[in-house]
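Below is one structure, written out as structure tokens, with a few remarks after it.
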Amino acid sequence: MSIELNPQKERIIIRIGQRHLSFATISKGEEENMITYEPYVIKSGISIAANLREALKSAELFKTGIKRALVMLDSPVLLIPVEQFEEGTMEDMYNQSFPHKEPIGLLYNVLPELNAVAVFAINKDLKTVLDDHFADLRISTLMAPVWKHLHYRSFTGARGKLYGYFHDRKLDVFSFHQNRFKFSNQFDAKGAHDALYFLLYVWRQLLFDAEQNELHLVGELPHQEWLVGELRKYLQNVYVINPSAEFNQAPATKVEEMPFDLITLFTKGR
């Protein structure tokens, strides 16, 4: 089987977090598509922009000359109802919600299925590195494919659902009501005890029923067996989403170390 990348047609996926950088792409072969995933070891002491600049010179996927990129950015997100969104006011709203010291630019993604707009920030040096290297550049919040898929999933069954996505030593907790967010927030959750507290706190805040409603967890759960066991002491319906089962053993689920957001992106789209 022959599989080659076409620099003019292929688009590379760049996943950027505060302490994480990785690249992925899908190439068309004679018999099937193949996903290539390349984590990059971050160098401490220099910025993520400087790390990316170095990666553009050394990472294998960039040696193909691809000039089209989709950036999946892990950055604090402000969700605004679509009917209340105005570009002229989003900067003040974002700055009030997420005070910052570094120079940033603001971007936004419209989430039509959820009647919301996701506003998020990108470091200006990082944006310059991306603009200088790629002729065709798209930037999305990391959570967009996860929200879209789990929102669709929330219509399965009549019970209300709370979701927790563990990634990059953080925990995104969210819930939906019909075609809107009911709740969404991100917490630093480096350990299982912190995660347990945040999940039960949000559950109580939303007035969910311990016997009737459901908690669904996905991603890199810290001390998974302990955490799930503790949650089940308080909540009757606690489930861990297995990507392979969730996506019927799709090719992306077989790529070692690939995070759930990228698996969802490759399997279900943005």
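Please note that chains go A, B, ... in the order of the structure tokens, that every chain numbers its residues from 1, and that ligands are numbered from 1 in the order shown.
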
Subject >> Near-A:Val82 list (9 Å; only C-alpha atoms; drop same-chain fewer than 3 positions) as a PyMOL selection string >> reply: chain A and resi 79+85-86+110-112+114-117

Store the residues of this selection in a file with C-alpha atoms, as an mmCIF file, in the first residue's frame.
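Generated output (selection-v7.cif):
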data_model
loop_
_atom_site.group_PDB
_atom_site.id
_atom_site.type_symbol
_atom_site.label_atom_id
_atom_site.label_comp_id
_atom_site.auth_asym_id
_atom_site.auth_seq_id
_atom_site.Cartn_x
_atom_site.Cartn_y
_atom_site.Cartn_z
ATOM 1 C CA LEU A 79 -19.275 31.139 25.839
ATOM 2 C CA PHE A 85 -22.811 38.159 20.691
ATOM 3 C CA GLU A 86 -21.285 41.351 19.291
ATOM 4 C CA VAL A 110 -19.700 29.995 16.129
ATOM 5 C CA LEU A 111 -21.314 26.829 17.504
ATOM 6 C CA PRO A 112 -24.626 26.708 15.618
ATOM 7 C CA LEU A 114 -25.528 25.006 20.621
ATOM 8 C CA ASN A 115 -26.662 28.544 19.762
ATOM 9 C CA ALA A 116 -23.423 29.883 21.225
ATOM 10 C CA VAL A 117 -20.204 31.622 20.246
#

Subject >> Within 8 Å of A:Lys170 using only C-alpha atoms, minus same-chain residues under 4 positions, as an MDAnalysis selection string >> reply: chainID A and resid 166 186:190

Find the residues around A:Pro222 up to 12 Å (only C-alpha atoms counted), leave out those fewer than 6 positions away in its own chain, and share them as a short mmCIF file (atom, residue, chain, number, x, y, z; two decimals) with N, CA and C atoms, in the first residue's frame.
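The new file part09.cif reads:
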data_model
loop_
_atom_site.label_atom_id
_atom_site.label_comp_id
_atom_site.auth_asym_id
_atom_site.auth_seq_id
_atom_site.Cartn_x
_atom_site.Cartn_y
_atom_site.Cartn_z
N TYR A 165 -14.47 16.04 30.86
CA TYR A 165 -13.39 15.66 29.94
C TYR A 165 -12.05 16.03 30.57
N PHE A 166 -11.23 15.02 30.83
CA PHE A 166 -9.91 15.20 31.43
C PHE A 166 -8.85 15.30 30.32
N HIS A 167 -8.09 16.37 30.34
CA HIS A 167 -7.03 16.54 29.35
C HIS A 167 -6.03 17.58 29.86
N ASP A 168 -4.76 17.37 29.55
CA ASP A 168 -3.72 18.35 29.85
C ASP A 168 -3.75 18.80 31.32
N ARG A 169 -4.01 17.85 32.22
CA ARG A 169 -4.06 18.09 33.66
C ARG A 169 -5.16 19.07 34.05
N LYS A 170 -6.20 19.11 33.23
CA LYS A 170 -7.36 19.95 33.49
C LYS A 170 -8.64 19.13 33.31
N LEU A 171 -9.73 19.71 33.77
CA LEU A 171 -11.02 19.04 33.69
C LEU A 171 -12.05 20.03 33.17
N ALA A 189 -7.26 20.25 37.54
CA ALA A 189 -7.54 18.99 38.25
C ALA A 189 -6.36 18.05 38.06
N LYS A 190 -5.27 18.37 38.77
CA LYS A 190 -4.05 17.57 38.62
C LYS A 190 -4.19 16.21 39.31
N GLY A 191 -5.09 16.11 40.29
CA GLY A 191 -5.24 14.86 41.02
C GLY A 191 -6.68 14.42 41.11
N ALA A 192 -6.87 13.18 41.53
CA ALA A 192 -8.21 12.61 41.59
C ALA A 192 -9.07 13.26 42.66
N HIS A 193 -8.47 13.68 43.77
CA HIS A 193 -9.26 14.30 44.84
C HIS A 193 -9.86 15.62 44.37
N ASP A 194 -9.06 16.42 43.66
CA ASP A 194 -9.58 17.68 43.11
C ASP A 194 -10.73 17.41 42.14
N ALA A 195 -10.53 16.42 41.28
CA ALA A 195 -11.55 16.08 40.29
C ALA A 195 -12.84 15.65 40.96
N LEU A 196 -12.72 14.84 42.00
CA LEU A 196 -13.90 14.38 42.74
C LEU A 196 -14.67 15.57 43.31
N VAL A 228 -13.63 6.71 40.05
CA VAL A 228 -14.94 6.19 39.68
C VAL A 228 -15.59 5.51 40.89
#

**OP:** Compile the contact shell of A:Ala24 as a ChimeraX atom specification: residues with an atom at most 7 Å away, counting only C-alpha atoms, same-chain residues fewer than 5 positions apart removed.
**Re:** /A:12-14,35-38

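Across A:Leu61, A:Met72, A:Ala250, A:Leu227, the tightest approach to A:Pro145 is made by A:Met72 when counting only C-alpha atoms.
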
Original post:
What's the 8 Å shell around A:Leu73, counting only C-alpha atoms, without same-chain residues fewer than 2 positions away, as a list in words?
Top reply: Arg15, Ile16, Gly17, Val71, Ser75, Ile122, Ile139, Ser140, Thr141 and Leu142 of chain A

Subject >> Contacts of A:Arg68 at 12 Å (only C-alpha atoms; same-chain gap of 5+ positions) as a list of chain:residue names >> reply: A:Asn6, A:Pro7, A:Gln8, A:Lys9, A:Glu10, A:Arg11, A:Ile12, A:Ile13, A:Ile14, A:Thr25, A:Phe62, A:Leu130, A:Asp131, A:Asp132, A:His133, A:Phe134, A:Ala135, A:Asp136, A:Leu137, A:Arg138, A:Ile139

Requested write-out: N, CA, C and O atoms of the selected residues, as a PDB file, in the first residue's frame:
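Dumped to result38.pdb:
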ATOM      1  N   ASN A   6       0.330  15.018   0.305  1.00  0.00           N
ATOM      2  CA  ASN A   6       0.336  16.026  -0.761  1.00  0.00           C
ATOM      3  C   ASN A   6       0.380  17.404  -0.107  1.00  0.00           C
ATOM      4  O   ASN A   6      -0.601  17.837   0.493  1.00  0.00           O
ATOM      5  N   PRO A   7       1.522  18.122  -0.193  1.00  0.00           N
ATOM      6  CA  PRO A   7       1.649  19.410   0.493  1.00  0.00           C
ATOM      7  C   PRO A   7       0.606  20.440   0.075  1.00  0.00           C
ATOM      8  O   PRO A   7       0.263  21.331   0.841  1.00  0.00           O
ATOM      9  N   GLN A   8       0.093  20.328  -1.160  1.00  0.00           N
ATOM     10  CA  GLN A   8      -0.890  21.313  -1.628  1.00  0.00           C
ATOM     11  C   GLN A   8      -2.303  21.000  -1.126  1.00  0.00           C
ATOM     12  O   GLN A   8      -3.119  21.902  -0.966  1.00  0.00           O
ATOM     13  N   LYS A   9      -2.603  19.729  -0.872  1.00  0.00           N
ATOM     14  CA  LYS A   9      -3.967  19.340  -0.527  1.00  0.00           C
ATOM     15  C   LYS A   9      -4.154  18.991   0.944  1.00  0.00           C
ATOM     16  O   LYS A   9      -5.237  19.171   1.493  1.00  0.00           O
ATOM     17  N   GLU A  10      -3.120  18.458   1.582  1.00  0.00           N
ATOM     18  CA  GLU A  10      -3.280  17.991   2.957  1.00  0.00           C
ATOM     19  C   GLU A  10      -3.258  19.161   3.937  1.00  0.00           C
ATOM     20  O   GLU A  10      -2.643  20.188   3.693  1.00  0.00           O
ATOM     21  N   ARG A  11      -3.946  18.954   5.065  1.00  0.00           N
ATOM     22  CA  ARG A  11      -3.960  19.948   6.138  1.00  0.00           C
ATOM     23  C   ARG A  11      -3.423  19.295   7.411  1.00  0.00           C
ATOM     24  O   ARG A  11      -3.894  18.238   7.815  1.00  0.00           O
ATOM     25  N   ILE A  12      -2.463  19.927   8.044  1.00  0.00           N
ATOM     26  CA  ILE A  12      -1.907  19.395   9.276  1.00  0.00           C
ATOM     27  C   ILE A  12      -2.692  19.939  10.461  1.00  0.00           C
ATOM     28  O   ILE A  12      -3.157  21.082  10.444  1.00  0.00           O
ATOM     29  N   ILE A  13      -2.907  19.103  11.456  1.00  0.00           N
ATOM     30  CA  ILE A  13      -3.583  19.506  12.681  1.00  0.00           C
ATOM     31  C   ILE A  13      -2.511  19.793  13.725  1.00  0.00           C
ATOM     32  O   ILE A  13      -1.656  18.948  13.991  1.00  0.00           O
ATOM     33  N   ILE A  14      -2.551  20.984  14.305  1.00  0.00           N
ATOM     34  CA  ILE A  14      -1.597  21.369  15.346  1.00  0.00           C
ATOM     35  C   ILE A  14      -2.386  21.558  16.636  1.00  0.00           C
ATOM     36  O   ILE A  14      -3.250  22.422  16.730  1.00  0.00           O
ATOM     37  N   THR A  25      -1.985  14.379  11.034  1.00  0.00           N
ATOM     38  CA  THR A  25      -2.552  14.558   9.702  1.00  0.00           C
ATOM     39  C   THR A  25      -3.115  13.233   9.212  1.00  0.00           C
ATOM     40  O   THR A  25      -2.805  12.174   9.758  1.00  0.00           O
ATOM     41  N   PHE A  62       6.371  18.316   9.370  1.00  0.00           N
ATOM     42  CA  PHE A  62       6.571  19.594   8.687  1.00  0.00           C
ATOM     43  C   PHE A  62       7.586  19.491   7.552  1.00  0.00           C
ATOM     44  O   PHE A  62       7.692  20.411   6.742  1.00  0.00           O
ATOM     45  N   LEU A 130       2.521  31.227  13.482  1.00  0.00           N
ATOM     46  CA  LEU A 130       1.595  30.471  12.633  1.00  0.00           C
ATOM     47  C   LEU A 130       1.337  31.194  11.314  1.00  0.00           C
ATOM     48  O   LEU A 130       1.352  30.579  10.238  1.00  0.00           O
ATOM     49  N   ASP A 131       1.094  32.499  11.380  1.00  0.00           N
ATOM     50  CA  ASP A 131       0.818  33.274  10.170  1.00  0.00           C
ATOM     51  C   ASP A 131       2.011  33.281   9.225  1.00  0.00           C
ATOM     52  O   ASP A 131       1.848  33.248   7.993  1.00  0.00           O
ATOM     53  N   ASP A 132       3.216  33.333   9.793  1.00  0.00           N
ATOM     54  CA  ASP A 132       4.415  33.383   8.961  1.00  0.00           C
ATOM     55  C   ASP A 132       4.667  32.064   8.237  1.00  0.00           C
ATOM     56  O   ASP A 132       5.287  32.055   7.167  1.00  0.00           O
ATOM     57  N   HIS A 133       4.197  30.968   8.804  1.00  0.00           N
ATOM     58  CA  HIS A 133       4.529  29.659   8.232  1.00  0.00           C
ATOM     59  C   HIS A 133       3.441  29.086   7.329  1.00  0.00           C
ATOM     60  O   HIS A 133       3.760  28.364   6.375  1.00  0.00           O
ATOM     61  N   PHE A 134       2.177  29.399   7.624  1.00  0.00           N
ATOM     62  CA  PHE A 134       1.089  28.748   6.902  1.00  0.00           C
ATOM     63  C   PHE A 134       0.311  29.737   6.033  1.00  0.00           C
ATOM     64  O   PHE A 134      -0.114  30.792   6.505  1.00  0.00           O
ATOM     65  N   ALA A 135       0.111  29.347   4.792  1.00  0.00           N
ATOM     66  CA  ALA A 135      -0.642  30.189   3.862  1.00  0.00           C
ATOM     67  C   ALA A 135      -2.142  30.064   4.087  1.00  0.00           C
ATOM     68  O   ALA A 135      -2.905  30.990   3.825  1.00  0.00           O
ATOM     69  N   ASP A 136      -2.575  28.922   4.573  1.00  0.00           N
ATOM     70  CA  ASP A 136      -3.996  28.647   4.826  1.00  0.00           C
ATOM     71  C   ASP A 136      -4.110  28.178   6.272  1.00  0.00           C
ATOM     72  O   ASP A 136      -3.708  27.065   6.601  1.00  0.00           O
ATOM     73  N   LEU A 137      -4.634  29.042   7.145  1.00  0.00           N
ATOM     74  CA  LEU A 137      -4.639  28.768   8.580  1.00  0.00           C
ATOM     75  C   LEU A 137      -6.040  28.915   9.146  1.00  0.00           C
ATOM     76  O   LEU A 137      -6.713  29.921   8.934  1.00  0.00           O
ATOM     77  N   ARG A 138      -6.483  27.896   9.890  1.00  0.00           N
ATOM     78  CA  ARG A 138      -7.741  27.949  10.632  1.00  0.00           C
ATOM     79  C   ARG A 138      -7.442  27.644  12.093  1.00  0.00           C
ATOM     80  O   ARG A 138      -6.594  26.797  12.384  1.00  0.00           O
ATOM     81  N   ILE A 139      -8.150  28.320  12.977  1.00  0.00           N
ATOM     82  CA  ILE A 139      -7.912  28.128  14.409  1.00  0.00           C
ATOM     83  C   ILE A 139      -9.236  27.871  15.101  1.00  0.00           C
ATOM     84  O   ILE A 139     -10.220  28.583  14.887  1.00  0.00           O
TER      85      ILE A 139
END
